[in-house]
>>> print(open('input-v5.txt').read())   # compact mmCIF, C-alpha atoms and all ligand atoms
# COMPACT_ATOMS: atom_id res chain seq x y z
CA MET A 1438 -63.09 20.87 82.81
CA LEU A 1439 -62.48 20.19 79.21
CA ILE A 1440 -58.76 19.68 79.25
CA ALA A 1441 -56.51 18.32 81.94
CA LEU A 1442 -53.50 20.46 82.62
CA SER A 1443 -51.08 17.87 83.86
CA LEU A 1444 -48.27 18.71 81.49
CA SER A 1445 -48.16 22.44 81.81
CA VAL A 1446 -45.56 23.19 79.19
CA TRP A 1447 -46.43 26.22 77.18
CA ILE A 1448 -45.60 26.56 73.53
CA SER A 1449 -46.32 29.02 70.79
CA PRO A 1450 -49.47 28.84 68.65
CA ASP A 1451 -47.26 28.46 65.56
CA ALA A 1452 -45.84 25.24 66.96
CA VAL A 1453 -49.32 23.97 67.71
CA TYR A 1454 -50.50 24.69 64.21
CA LYS A 1455 -47.47 22.87 62.81
CA GLU A 1456 -48.03 19.94 65.13
CA MET A 1457 -51.69 19.74 64.27
CA GLY A 1458 -51.16 20.23 60.56
CA TRP A 1459 -53.51 23.22 60.55
CA GLU A 1460 -53.20 26.10 58.14
CA LEU A 1461 -51.51 28.96 59.94
CA ALA A 1462 -53.20 31.43 57.63
CA LYS A 1463 -56.56 30.43 59.08
CA GLY A 1464 -55.50 31.29 62.60
CA ASN A 1465 -55.99 34.38 64.65
CA VAL A 1466 -53.61 36.98 63.25
CA ASN A 1467 -52.69 38.04 66.74
CA GLY A 1468 -52.00 34.51 67.85
CA GLY A 1469 -55.06 32.84 69.30
CA ALA A 1470 -55.14 30.75 72.41
CA ILE A 1471 -57.09 27.59 72.76
CA ALA A 1472 -58.27 28.27 76.25
CA LEU A 1473 -58.55 25.65 78.90
CA GLY A 1474 -62.15 24.74 79.36
CA HIS A 1475 -62.96 28.10 77.93
CA PRO A 1476 -64.77 29.62 75.02
CA ILE A 1477 -62.34 29.81 72.21
CA GLY A 1478 -61.38 32.67 70.04
CA ALA A 1479 -60.50 35.59 72.22
CA SER A 1480 -56.96 36.60 71.40
CA GLY A 1481 -54.25 34.89 73.33
CA ARG A 1482 -50.82 33.55 72.85
CA ARG A 1483 -50.08 30.23 74.52
CA ILE A 1484 -51.35 26.71 74.37
CA PRO A 1485 -50.50 23.84 76.69
CA VAL A 1486 -48.82 20.83 75.20
CA THR A 1487 -51.36 18.68 77.04
CA LEU A 1488 -53.97 20.01 74.71
CA LEU A 1489 -52.19 18.50 71.75
CA HIS A 1490 -52.26 15.08 73.33
CA GLU A 1491 -55.93 15.47 74.17
CA MET A 1492 -56.68 16.53 70.64
CA HIS A 1493 -55.03 13.48 69.20
CA LEU A 1494 -57.08 11.31 71.53
CA TYR A 1495 -60.42 12.64 70.41
CA THR A 1496 -62.35 10.54 68.01
CA ARG A 1497 -64.44 12.17 65.37
CA SER A 1498 -68.14 12.04 66.02
CA HIS A 1499 -71.18 13.08 64.09
CA PHE A 1500 -71.83 16.30 66.00
CA MET A 1501 -71.51 19.62 64.28
CA ALA A 1502 -68.98 21.35 62.05
CA GLU A 1503 -71.57 22.53 59.51
CA SER A 1504 -73.86 23.58 62.31
CA SER A 1505 -71.13 25.28 64.29
CA GLY A 1506 -71.58 28.61 62.60
CA ILE A 1507 -67.86 28.87 62.00
CA GLY A 1508 -67.03 31.23 59.22
CA SER A 1509 -70.67 32.13 58.80
CA THR A 1510 -71.25 35.64 57.60
CA SER A 1511 -74.95 35.74 56.91
CA ASN A 1512 -76.73 34.29 59.89
CA PHE A 1513 -78.71 37.39 60.74
CA SER A 1514 -82.36 36.61 60.90
CA GLY A 1515 -85.23 38.89 60.05
CA PRO A 1516 -85.22 41.85 57.75
CA ALA A 1517 -82.96 44.84 58.19
CA THR A 1518 -84.86 47.54 60.05
CA ASP A 1519 -84.65 51.24 60.76
CA SER A 1520 -85.24 50.66 64.44
CA LEU A 1521 -81.92 52.15 65.52
CA ARG A 1522 -81.92 54.99 62.99
CA GLY A 1523 -80.51 58.12 64.62
CA LYS A 1524 -78.62 56.14 67.26
CA VAL A 1525 -74.84 56.22 67.53
CA ALA A 1526 -73.05 53.08 68.73
CA LEU A 1527 -69.48 52.20 69.62
CA VAL A 1528 -68.34 48.58 69.54
CA THR A 1529 -64.90 48.13 71.05
CA GLY A 1530 -63.02 45.32 69.32
CA GLY A 1531 -65.72 45.62 66.69
CA SER A 1532 -63.63 44.48 63.77
CA ARG A 1533 -63.40 40.72 64.27
CA GLY A 1534 -65.27 37.77 65.74
CA ILE A 1535 -68.17 38.60 68.03
CA GLY A 1536 -67.51 42.33 67.85
CA ARG A 1537 -67.73 42.27 64.08
CA ALA A 1538 -71.11 40.53 64.23
CA ILE A 1539 -72.34 43.12 66.75
CA SER A 1540 -71.15 46.00 64.55
CA LEU A 1541 -72.96 44.54 61.54
CA GLU A 1542 -76.16 43.79 63.48
CA LEU A 1543 -76.40 47.31 64.90
CA ALA A 1544 -75.66 48.83 61.49
CA ARG A 1545 -78.16 46.52 59.82
CA ASN A 1546 -80.79 48.03 62.09
CA GLY A 1547 -79.90 51.60 61.26
CA ALA A 1548 -77.36 52.68 63.90
CA ALA A 1549 -74.30 54.67 62.94
CA VAL A 1550 -71.54 52.40 64.18
CA ALA A 1551 -68.04 53.30 65.32
CA VAL A 1552 -65.86 50.21 65.02
CA ASN A 1553 -62.90 50.21 67.37
CA PHE A 1554 -59.89 47.96 66.84
CA VAL A 1555 -56.27 47.95 67.92
CA SER A 1556 -54.00 46.55 65.21
CA ASN A 1557 -55.66 44.64 62.38
CA VAL A 1558 -56.48 47.41 59.93
CA ALA A 1559 -57.52 45.05 57.13
CA ALA A 1560 -60.20 43.38 59.26
CA ALA A 1561 -61.53 46.76 60.36
CA GLU A 1562 -61.64 48.03 56.79
CA ALA A 1563 -63.56 44.93 55.75
CA VAL A 1564 -66.27 45.71 58.33
CA LEU A 1565 -66.35 49.31 57.17
CA ALA A 1566 -66.88 48.12 53.59
CA GLU A 1567 -69.66 45.71 54.66
CA ILE A 1568 -71.52 48.41 56.56
CA ARG A 1569 -71.18 50.90 53.73
CA ALA A 1570 -72.36 48.25 51.26
CA MET A 1571 -75.59 47.96 53.24
CA GLY A 1572 -75.98 51.74 53.13
CA GLY A 1573 -74.97 52.23 56.74
CA GLU A 1574 -72.78 54.79 58.47
CA CYS A 1575 -69.49 53.60 59.91
CA LEU A 1576 -66.42 55.12 61.47
CA LEU A 1577 -63.22 53.20 62.18
CA VAL A 1578 -61.56 54.25 65.42
CA GLN A 1579 -58.21 52.68 66.13
CA GLY A 1580 -57.14 52.68 69.78
CA ASP A 1581 -55.96 50.41 72.55
CA VAL A 1582 -58.75 50.53 75.13
CA SER A 1583 -56.41 49.31 77.86
CA LYS A 1584 -54.71 52.71 77.71
CA LYS A 1585 -56.81 55.40 79.37
CA GLU A 1586 -55.77 58.19 77.01
CA ALA A 1587 -56.44 56.05 73.95
CA ALA A 1588 -59.86 55.02 75.27
CA ARG A 1589 -60.78 58.65 75.93
CA SER A 1590 -59.59 59.59 72.49
CA VAL A 1591 -61.77 56.86 70.92
CA ILE A 1592 -64.84 58.35 72.61
CA GLY A 1593 -63.67 61.89 71.77
CA THR A 1594 -63.40 61.03 68.08
CA ILE A 1595 -66.96 59.71 68.03
CA LEU A 1596 -68.36 62.74 69.84
CA GLU A 1597 -66.52 65.03 67.46
CA ALA A 1598 -67.88 63.21 64.41
CA TRP A 1599 -71.42 62.42 65.53
CA LYS A 1600 -71.95 64.68 68.58
CA LYS A 1601 -73.43 61.88 70.71
CA ILE A 1602 -73.09 58.30 71.80
CA ASP A 1603 -76.17 56.22 72.58
CA ILE A 1604 -74.97 52.63 72.66
CA LEU A 1605 -71.64 51.50 74.10
CA VAL A 1606 -70.68 47.86 73.62
CA ASN A 1607 -67.55 47.01 75.59
CA ASN A 1608 -66.49 43.91 73.68
CA ALA A 1609 -62.69 44.09 73.28
CA GLY A 1610 -61.11 41.21 75.13
CA ILE A 1611 -58.03 39.00 75.25
CA THR A 1612 -56.87 35.85 77.01
CA ARG A 1613 -53.50 34.87 78.49
CA ASP A 1614 -54.27 31.47 79.96
CA ARG A 1615 -52.09 29.98 82.70
CA THR A 1616 -52.63 28.22 85.98
CA MET A 1617 -51.88 30.32 89.03
CA LYS A 1618 -48.65 28.37 89.54
CA LYS A 1619 -47.38 29.70 86.23
CA MET A 1620 -49.20 33.01 85.98
CA THR A 1621 -46.87 35.98 85.59
CA ASP A 1622 -47.70 39.49 86.68
CA GLU A 1623 -47.65 40.43 83.00
CA ASP A 1624 -50.24 37.75 82.11
CA TRP A 1625 -52.48 38.97 84.89
CA GLU A 1626 -52.07 42.66 84.14
CA ALA A 1627 -52.50 42.35 80.36
CA VAL A 1628 -55.87 40.64 80.65
CA ILE A 1629 -57.20 42.89 83.40
CA ALA A 1630 -55.95 45.92 81.46
CA VAL A 1631 -57.85 45.17 78.24
CA ASN A 1632 -60.93 43.39 79.55
CA LEU A 1633 -61.72 45.20 82.79
CA ASN A 1634 -59.81 48.48 82.67
CA GLY A 1635 -60.78 48.95 79.00
CA THR A 1636 -64.43 48.52 79.93
CA TYR A 1637 -64.05 51.03 82.74
CA TYR A 1638 -62.13 53.61 80.68
CA CYS A 1639 -64.58 53.56 77.76
CA THR A 1640 -67.59 53.69 80.06
CA ALA A 1641 -66.15 56.55 82.10
CA ALA A 1642 -65.39 58.49 78.93
CA ALA A 1643 -68.82 57.90 77.35
CA MET A 1644 -70.89 58.51 80.49
CA PRO A 1645 -70.89 62.34 80.55
CA ALA A 1646 -72.40 62.52 77.05
CA MET A 1647 -74.98 59.86 77.93
CA ILE A 1648 -75.89 61.67 81.15
CA GLU A 1649 -76.26 64.94 79.30
CA GLN A 1650 -78.60 63.40 76.75
CA LYS A 1651 -80.40 61.42 79.50
CA TYR A 1652 -80.10 58.27 77.45
CA GLY A 1653 -77.63 55.45 77.14
CA ARG A 1654 -77.41 51.73 76.61
CA ILE A 1655 -74.23 50.15 77.97
CA ILE A 1656 -73.69 46.50 77.09
CA ASN A 1657 -70.63 44.75 78.42
CA ILE A 1658 -69.44 41.45 76.96
CA ALA A 1659 -68.39 39.08 79.72
CA SER A 1660 -68.18 35.30 79.42
CA VAL A 1661 -69.67 32.19 80.94
CA VAL A 1662 -66.27 31.82 82.58
CA GLY A 1663 -66.93 35.00 84.56
CA GLU A 1664 -69.81 33.14 86.20
CA THR A 1665 -68.31 29.68 86.60
CA GLY A 1666 -64.56 30.22 86.89
CA ALA A 1667 -62.26 28.10 84.75
CA PHE A 1668 -59.09 26.12 85.23
CA GLY A 1669 -56.12 28.10 83.97
CA GLN A 1670 -58.06 31.31 83.58
CA SER A 1671 -57.92 33.15 86.89
CA ASN A 1672 -56.97 36.37 85.11
CA TYR A 1673 -59.63 36.10 82.41
CA ALA A 1674 -62.40 34.85 84.70
CA SER A 1675 -61.62 37.61 87.20
CA SER A 1676 -61.83 40.22 84.47
CA LYS A 1677 -65.17 38.86 83.28
CA GLY A 1678 -66.57 38.44 86.80
CA GLY A 1679 -65.40 41.98 87.46
CA ILE A 1680 -67.29 43.17 84.40
CA ILE A 1681 -70.50 41.60 85.72
CA ALA A 1682 -70.10 43.30 89.13
CA PHE A 1683 -69.10 46.59 87.48
CA THR A 1684 -72.22 46.49 85.33
CA LYS A 1685 -74.48 46.03 88.34
CA CYS A 1686 -72.92 49.10 89.96
CA LEU A 1687 -73.42 51.08 86.76
CA ALA A 1688 -77.05 49.97 86.62
CA LEU A 1689 -77.64 51.25 90.16
CA GLU A 1690 -75.82 54.54 89.67
CA LEU A 1691 -77.06 55.44 86.21
CA ALA A 1692 -80.70 54.39 86.27
CA LYS A 1693 -81.82 57.88 87.24
CA GLU A 1694 -79.96 59.26 84.22
CA GLY A 1695 -81.94 57.17 81.73
CA ILE A 1696 -79.00 54.85 81.20
CA THR A 1697 -79.22 51.06 81.42
CA ALA A 1698 -76.24 48.75 81.82
CA ASN A 1699 -76.36 45.05 81.07
CA VAL A 1700 -74.06 42.13 80.34
CA VAL A 1701 -74.05 39.56 77.58
CA ALA A 1702 -72.16 36.45 78.68
CA PRO A 1703 -71.36 34.22 75.69
CA GLY A 1704 -70.36 30.60 75.89
CA TYR A 1705 -68.23 28.88 73.23
CA THR A 1706 -68.62 30.91 70.07
CA GLY A 1707 -67.54 30.11 66.53
CA THR A 1708 -64.80 32.49 65.49
CA GLU A 1709 -61.90 32.30 63.03
CA MET A 1710 -59.81 30.52 65.59
CA VAL A 1711 -62.39 27.80 66.04
CA GLY A 1712 -62.52 27.43 62.26
CA ALA A 1713 -58.88 26.37 62.29
CA MET A 1714 -59.54 23.56 64.76
CA PRO A 1715 -59.99 19.93 63.74
CA PRO A 1716 -63.66 18.88 63.58
CA GLU A 1717 -63.15 16.16 66.16
CA VAL A 1718 -62.06 18.72 68.75
CA LEU A 1719 -65.13 20.74 68.02
CA ASP A 1720 -67.22 17.62 68.41
CA LYS A 1721 -65.83 17.09 71.89
CA ILE A 1722 -66.53 20.66 72.90
CA CYS A 1723 -70.03 20.55 71.51
CA ALA A 1724 -70.81 17.31 73.31
CA ARG A 1725 -70.63 19.27 76.58
CA ILE A 1726 -73.10 21.89 75.43
CA PRO A 1727 -76.79 21.00 75.85
CA LEU A 1728 -77.65 22.62 72.49
CA ARG A 1729 -74.80 20.58 70.97
CA ARG A 1730 -73.17 23.36 69.00
CA LEU A 1731 -71.14 26.53 69.33
CA ALA A 1732 -72.87 29.89 69.37
CA LYS A 1733 -72.70 31.78 66.13
CA PRO A 1734 -71.29 35.29 66.60
CA GLU A 1735 -74.55 36.54 65.11
CA GLU A 1736 -76.48 34.90 67.94
CA VAL A 1737 -74.46 36.83 70.48
CA ALA A 1738 -75.05 39.95 68.38
CA LYS A 1739 -78.80 39.41 68.51
CA ALA A 1740 -78.67 39.40 72.32
CA VAL A 1741 -76.80 42.70 72.18
CA LEU A 1742 -79.38 44.12 69.78
CA PHE A 1743 -82.14 43.10 72.17
CA LEU A 1744 -80.51 44.85 75.10
CA ALA A 1745 -79.67 47.91 73.02
CA ARG A 1746 -83.07 48.32 71.41
CA ASP A 1747 -85.86 46.44 73.16
CA ALA A 1748 -84.91 46.21 76.82
CA ASP A 1749 -85.86 49.61 78.24
CA TYR A 1750 -86.91 48.14 81.60
CA ILE A 1751 -83.98 45.76 81.99
CA THR A 1752 -80.85 46.88 83.78
CA GLY A 1753 -78.10 45.17 85.77
CA PHE A 1754 -78.92 41.90 84.02
CA THR A 1755 -76.59 39.20 82.68
CA LEU A 1756 -77.94 37.60 79.54
CA ASP A 1757 -76.35 34.17 79.06
CA VAL A 1758 -75.87 33.05 75.47
CA ASN A 1759 -74.25 29.71 76.14
CA GLY A 1760 -76.43 26.94 74.72
CA GLY A 1761 -77.36 25.80 78.23
CA LEU A 1762 -73.76 25.18 79.26
CA TYR A 1763 -74.32 27.11 82.49
CA MET A 1764 -77.68 27.91 84.06
CA PRO A 1765 -77.42 30.25 87.04
P1 LIG A 1801 -61.35 38.06 68.77
O1 LIG A 1801 -59.97 37.79 69.25
O2 LIG A 1801 -61.90 37.33 67.61
O3 LIG A 1801 -61.48 39.65 68.46
C1 LIG A 1801 -61.03 40.55 69.41
C2 LIG A 1801 -61.35 41.95 68.95
O4 LIG A 1801 -60.92 42.83 70.01
C3 LIG A 1801 -60.61 42.38 67.71
O5 LIG A 1801 -61.41 43.29 66.99
C4 LIG A 1801 -59.38 43.07 68.27
O6 LIG A 1801 -58.83 44.07 67.40
C5 LIG A 1801 -59.98 43.76 69.49
N1 LIG A 1801 -59.02 44.08 70.53
C6 LIG A 1801 -58.17 43.24 71.17
N2 LIG A 1801 -57.45 43.94 72.08
C7 LIG A 1801 -57.87 45.23 71.98
C8 LIG A 1801 -57.49 46.42 72.64
N3 LIG A 1801 -56.52 46.45 73.59
N4 LIG A 1801 -58.10 47.58 72.29
C9 LIG A 1801 -59.07 47.58 71.34
N5 LIG A 1801 -59.47 46.49 70.69
C10 LIG A 1801 -58.86 45.32 71.01
O7 LIG A 1801 -62.28 37.88 70.05
P2 LIG A 1801 -63.73 37.26 70.16
O8 LIG A 1801 -64.62 37.84 69.12
O9 LIG A 1801 -63.62 35.82 70.27
O10 LIG A 1801 -64.18 37.83 71.59
C11 LIG A 1801 -64.87 39.08 71.73
C12 LIG A 1801 -65.30 39.25 73.18
O11 LIG A 1801 -66.15 38.16 73.52
C13 LIG A 1801 -64.15 39.21 74.17
O12 LIG A 1801 -64.43 40.11 75.21
C14 LIG A 1801 -64.16 37.79 74.68
O13 LIG A 1801 -63.60 37.70 75.95
C15 LIG A 1801 -65.64 37.52 74.68
N6 LIG A 1801 -65.98 36.10 74.63
C16 LIG A 1801 -65.59 35.33 73.56
C17 LIG A 1801 -65.96 34.00 73.49
C18 LIG A 1801 -65.57 33.08 72.37
O14 LIG A 1801 -65.80 31.86 72.48
N7 LIG A 1801 -65.03 33.58 71.27
C19 LIG A 1801 -66.78 33.41 74.57
C20 LIG A 1801 -67.09 34.30 75.65
C21 LIG A 1801 -66.71 35.61 75.65
P3 LIG A 1801 -57.63 43.68 66.36
O15 LIG A 1801 -58.28 42.87 65.27
O16 LIG A 1801 -57.12 44.98 65.89
O17 LIG A 1801 -56.65 42.88 67.16
>>> encode(input="input-v5.txt", output="structure tokens")
Amino acid sequence: MLIALSLSVWISPDAVYKEMGWELAKGNVNGGAIALGHPIGASGRRIPVTLLHEMHLYTRSHFMAESSGIGSTSNFSGPATDSLRGKVALVTGGSRGIGRAISLELARNGAAVAVNFVSNVAAAEAVLAEIRAMGGECLLVQGDVSKKEAARSVIGTILEAWKKIDILVNNAGITRDRTMKKMTDEDWEAVIAVNLNGTYYCTAAAMPAMIEQKYGRIINIASVVGETGAFGQSNYASSKGGIIAFTKCLALELAKEGITANVVAPGYTGTEMVGAMPPEVLDKICARIPLRRLAKPEEVAKAVLFLARDADYITGFTLDVNGGLYMP
């Protein structure tokens, strides 16, 4: 485990930023959690005081920072292609972080991309502008995927606009980290609602159209934590482990319909939240990763592209993108 949770006093991210002398403006607009022993960046809201002490203890080493991929916007490799031309994709939580990179990668390869988000309109509009600037088709679809009606309406909007849906990337996710001793029902329910229920609702709503067209690529974003478990993340790890099991069931049930279902399980990935962290903390994290750096969101996006475009005979699979942190 990365961080010992001996002093389990929870404080707000604002206080942490103040304590650490970080720029609040660089943080996650929704309040990001620095998860315990967990990939950083998924939205959350609390941070243990212990973490502050640990951070102060870290000494700066020569690992990373430049190589972390943080803040990178142009790490896509290879030329833009037309390989997904004619395909319609939905990326839930497609406006920021990993989801943003997936939206751009699919659009860069010709797919019409519906970008779902819940609250940050500016971030979503920025993705829309980027996709349009590359000559791609994009639709912004606001909606909280944890609410069944909203999730159905997201899918309905896409079907109304584009009459089909070929690629569904269930990426929207949040964290509410607490040990079981401190976990509230609300912490548990909020994470399961977005991560697992949201994945179920969007899949259930998109399935009929995919079955009718006898084609579909469902890619669910889990986490290394869904495979390993993590201290202080029983809710999050359960949601991600649930996603992996759910995907295997989908793969079994939908194979005969021409639909594949796979998982991408990222490890620590450079997002805006990571960019606000002191380099020495990043060094410590990266020292635990065999490849000695965070994943770039674009590297996770490439795995999604592979499963969406090139993996016709792969289903029920979990593709780990974790720098060797966990090898099943
Ligand atoms: P971010 O917090 O950077 O972005 C989350 C995205 O999800 C935003 O677009 C946000 O929209 C959207 N979102 C949040 N809640 C909802 C909701 N209820 N309905 C619809 N959209 C929602 O997250 P990351 O990019 O870091 O993480 C993306 C996925 O990858 C998550 O599933 C996460 O668990 C997983 N992951 C992340 C890792 C990491 O290290 N970053 C590692 C392993 C897995 P808005 O901007 O409007 O809030």
>>> atom_distance(input="input-v5.txt", atom1="CA of Glu1542 in chain A", atom2="CA of Asn1634 in chain A")
25.6 Å
>>> axis_aligned_box(input="input-v5.txt", around="ligand LIG 1801 (chain A)", padding_each_side="4 Å", output="AutoDock Vina command-line options")
--center_x -61.8 --center_y 39.7 --center_z 70.6 --size_x 18.6 --size_y 23.7 --size_z 18.7
>>> atom_distance(input="input-v5.txt", atom1="CA of Leu1687 in chain A", atom2="CA of Gly1653 in chain A")
11.4 Å
>>> residues_near_ligand(input="input-v5.txt", ligand="ligand LIG 1801 (chain A)", cutoff="7 Å", atoms="all atoms listed in the file", output="tab-separated table (two decimals) with C-alpha atoms, in the coordinates of the input")
chain	number	residue	atom	x	y	z
A	1465	ASN	CA	-55.99	34.38	64.65
A	1467	ASN	CA	-52.69	38.04	66.74
A	1469	GLY	CA	-55.06	32.84	69.30
A	1476	PRO	CA	-64.77	29.62	75.02
A	1477	ILE	CA	-62.34	29.81	72.21
A	1478	GLY	CA	-61.38	32.67	70.04
A	1479	ALA	CA	-60.50	35.59	72.22
A	1480	SER	CA	-56.96	36.60	71.40
A	1529	THR	CA	-64.90	48.13	71.05
A	1530	GLY	CA	-63.02	45.32	69.32
A	1531	GLY	CA	-65.72	45.62	66.69
A	1532	SER	CA	-63.63	44.48	63.77
A	1533	ARG	CA	-63.40	40.72	64.27
A	1534	GLY	CA	-65.27	37.77	65.74
A	1535	ILE	CA	-68.17	38.60	68.03
A	1536	GLY	CA	-67.51	42.33	67.85
A	1553	ASN	CA	-62.90	50.21	67.37
A	1554	PHE	CA	-59.89	47.96	66.84
A	1555	VAL	CA	-56.27	47.95	67.92
A	1556	SER	CA	-54.00	46.55	65.21
A	1557	ASN	CA	-55.66	44.64	62.38
A	1558	VAL	CA	-56.48	47.41	59.93
A	1560	ALA	CA	-60.20	43.38	59.26
A	1580	GLY	CA	-57.14	52.68	69.78
A	1581	ASP	CA	-55.96	50.41	72.55
A	1582	VAL	CA	-58.75	50.53	75.13
A	1583	SER	CA	-56.41	49.31	77.86
A	1608	ASN	CA	-66.49	43.91	73.68
A	1609	ALA	CA	-62.69	44.09	73.28
A	1610	GLY	CA	-61.11	41.21	75.13
A	1611	ILE	CA	-58.03	39.00	75.25
A	1631	VAL	CA	-57.85	45.17	78.24
A	1632	ASN	CA	-60.93	43.39	79.55
A	1658	ILE	CA	-69.44	41.45	76.96
A	1659	ALA	CA	-68.39	39.08	79.72
A	1660	SER	CA	-68.18	35.30	79.42
A	1661	VAL	CA	-69.67	32.19	80.94
A	1702	ALA	CA	-72.16	36.45	78.68
A	1703	PRO	CA	-71.36	34.22	75.69
A	1704	GLY	CA	-70.36	30.60	75.89
A	1705	TYR	CA	-68.23	28.88	73.23
A	1706	THR	CA	-68.62	30.91	70.07
A	1707	GLY	CA	-67.54	30.11	66.53
A	1708	THR	CA	-64.80	32.49	65.49
A	1709	GLU	CA	-61.90	32.30	63.03
>>> atom_distance(input="input-v5.txt", atom1="CA of Leu1719 in chain A", atom2="CA of Arg1615 in chain A")
21.7 Å
>>> residues_around(input="input-v5.txt", residues="range 1758-1765 of chain A", least_positions_apart="4", cutoff="12 Å", atoms="only C-alpha atoms", output="mmCIF file with C-alpha atoms, in the coordinates of the input")
data_model
loop_
_atom_site.group_PDB
_atom_site.id
_atom_site.type_symbol
_atom_site.label_atom_id
_atom_site.label_comp_id
_atom_site.auth_asym_id
_atom_site.auth_seq_id
_atom_site.Cartn_x
_atom_site.Cartn_y
_atom_site.Cartn_z
ATOM 1 C CA GLY A 1474 -62.150 24.740 79.360
ATOM 2 C CA HIS A 1475 -62.960 28.100 77.930
ATOM 3 C CA PRO A 1476 -64.770 29.620 75.020
ATOM 4 C CA SER A 1505 -71.130 25.280 64.290
ATOM 5 C CA ILE A 1658 -69.440 41.450 76.960
ATOM 6 C CA ALA A 1659 -68.390 39.080 79.720
ATOM 7 C CA SER A 1660 -68.180 35.300 79.420
ATOM 8 C CA VAL A 1661 -69.670 32.190 80.940
ATOM 9 C CA VAL A 1662 -66.270 31.820 82.580
ATOM 10 C CA GLY A 1663 -66.930 35.000 84.560
ATOM 11 C CA GLU A 1664 -69.810 33.140 86.200
ATOM 12 C CA THR A 1665 -68.310 29.680 86.600
ATOM 13 C CA GLY A 1666 -64.560 30.220 86.890
ATOM 14 C CA VAL A 1700 -74.060 42.130 80.340
ATOM 15 C CA VAL A 1701 -74.050 39.560 77.580
ATOM 16 C CA ALA A 1702 -72.160 36.450 78.680
ATOM 17 C CA PRO A 1703 -71.360 34.220 75.690
ATOM 18 C CA GLY A 1704 -70.360 30.600 75.890
ATOM 19 C CA TYR A 1705 -68.230 28.880 73.230
ATOM 20 C CA THR A 1706 -68.620 30.910 70.070
ATOM 21 C CA GLY A 1707 -67.540 30.110 66.530
ATOM 22 C CA ILE A 1722 -66.530 20.660 72.900
ATOM 23 C CA CYS A 1723 -70.030 20.550 71.510
ATOM 24 C CA ALA A 1724 -70.810 17.310 73.310
ATOM 25 C CA ARG A 1725 -70.630 19.270 76.580
ATOM 26 C CA ILE A 1726 -73.100 21.890 75.430
ATOM 27 C CA PRO A 1727 -76.790 21.000 75.850
ATOM 28 C CA LEU A 1728 -77.650 22.620 72.490
ATOM 29 C CA ARG A 1729 -74.800 20.580 70.970
ATOM 30 C CA ARG A 1730 -73.170 23.360 69.000
ATOM 31 C CA LEU A 1731 -71.140 26.530 69.330
ATOM 32 C CA ALA A 1732 -72.870 29.890 69.370
ATOM 33 C CA LYS A 1733 -72.700 31.780 66.130
ATOM 34 C CA PRO A 1734 -71.290 35.290 66.600
ATOM 35 C CA GLU A 1735 -74.550 36.540 65.110
ATOM 36 C CA GLU A 1736 -76.480 34.900 67.940
ATOM 37 C CA VAL A 1737 -74.460 36.830 70.480
ATOM 38 C CA ALA A 1738 -75.050 39.950 68.380
ATOM 39 C CA LYS A 1739 -78.800 39.410 68.510
ATOM 40 C CA ALA A 1740 -78.670 39.400 72.320
ATOM 41 C CA VAL A 1741 -76.800 42.700 72.180
#
>>> residues_around(input="input-v5.txt", residues="Glu1586 in chain A", least_positions_apart="2", cutoff="12 Å", atoms="only C-alpha atoms", output="JSON, numbers by chain")
{"A": [1580, 1581, 1582, 1583, 1584, 1588, 1589, 1590, 1591, 1592, 1593, 1634, 1635, 1638, 1639, 1641, 1642]}
>>> closest_residue(input="input-v5.txt", among="A:Val1525, A:Val1552, A:Ala1598, A:Met1617", to="Met1647 in chain A", atoms="only C-alpha atoms")
A:Val1525
>>> decode(input="input-v5.txt", residues="range 1667-1675 of chain A", atoms="N, CA and C atoms", output="PDB file, in the first residue's frame")
ATOM      1  N   ALA A1667      -7.885  -2.496  -2.752  1.00  0.00           N
ATOM      2  CA  ALA A1667      -7.045  -1.394  -2.279  1.00  0.00           C
ATOM      3  C   ALA A1667      -7.535  -0.923  -0.922  1.00  0.00           C
ATOM      4  N   PHE A1668      -6.599  -0.598  -0.091  1.00  0.00           N
ATOM      5  CA  PHE A1668      -6.919  -0.091   1.248  1.00  0.00           C
ATOM      6  C   PHE A1668      -7.729   1.201   1.107  1.00  0.00           C
ATOM      7  N   GLY A1669      -8.839   1.266   1.801  1.00  0.00           N
ATOM      8  CA  GLY A1669      -9.632   2.494   1.786  1.00  0.00           C
ATOM      9  C   GLY A1669     -10.504   2.661   0.553  1.00  0.00           C
ATOM     10  N   GLN A1670     -10.627   1.588  -0.224  1.00  0.00           N
ATOM     11  CA  GLN A1670     -11.395   1.731  -1.467  1.00  0.00           C
ATOM     12  C   GLN A1670     -12.363   0.572  -1.690  1.00  0.00           C
ATOM     13  N   SER A1671     -12.978   0.091  -0.624  1.00  0.00           N
ATOM     14  CA  SER A1671     -13.872  -1.063  -0.804  1.00  0.00           C
ATOM     15  C   SER A1671     -15.011  -0.735  -1.761  1.00  0.00           C
ATOM     16  N   ASN A1672     -15.500   0.508  -1.702  1.00  0.00           N
ATOM     17  CA  ASN A1672     -16.594   0.872  -2.613  1.00  0.00           C
ATOM     18  C   ASN A1672     -16.102   0.931  -4.060  1.00  0.00           C
ATOM     19  N   TYR A1673     -15.011   1.617  -4.267  1.00  0.00           N
ATOM     20  CA  TYR A1673     -14.472   1.787  -5.624  1.00  0.00           C
ATOM     21  C   TYR A1673     -14.000   0.456  -6.209  1.00  0.00           C
ATOM     22  N   ALA A1674     -13.233  -0.301  -5.430  1.00  0.00           N
ATOM     23  CA  ALA A1674     -12.723  -1.587  -5.920  1.00  0.00           C
ATOM     24  C   ALA A1674     -13.874  -2.546  -6.221  1.00  0.00           C
ATOM     25  N   SER A1675     -14.915  -2.509  -5.386  1.00  0.00           N
ATOM     26  CA  SER A1675     -16.074  -3.377  -5.646  1.00  0.00           C
ATOM     27  C   SER A1675     -16.757  -2.977  -6.945  1.00  0.00           C
TER      28      SER A1675
END
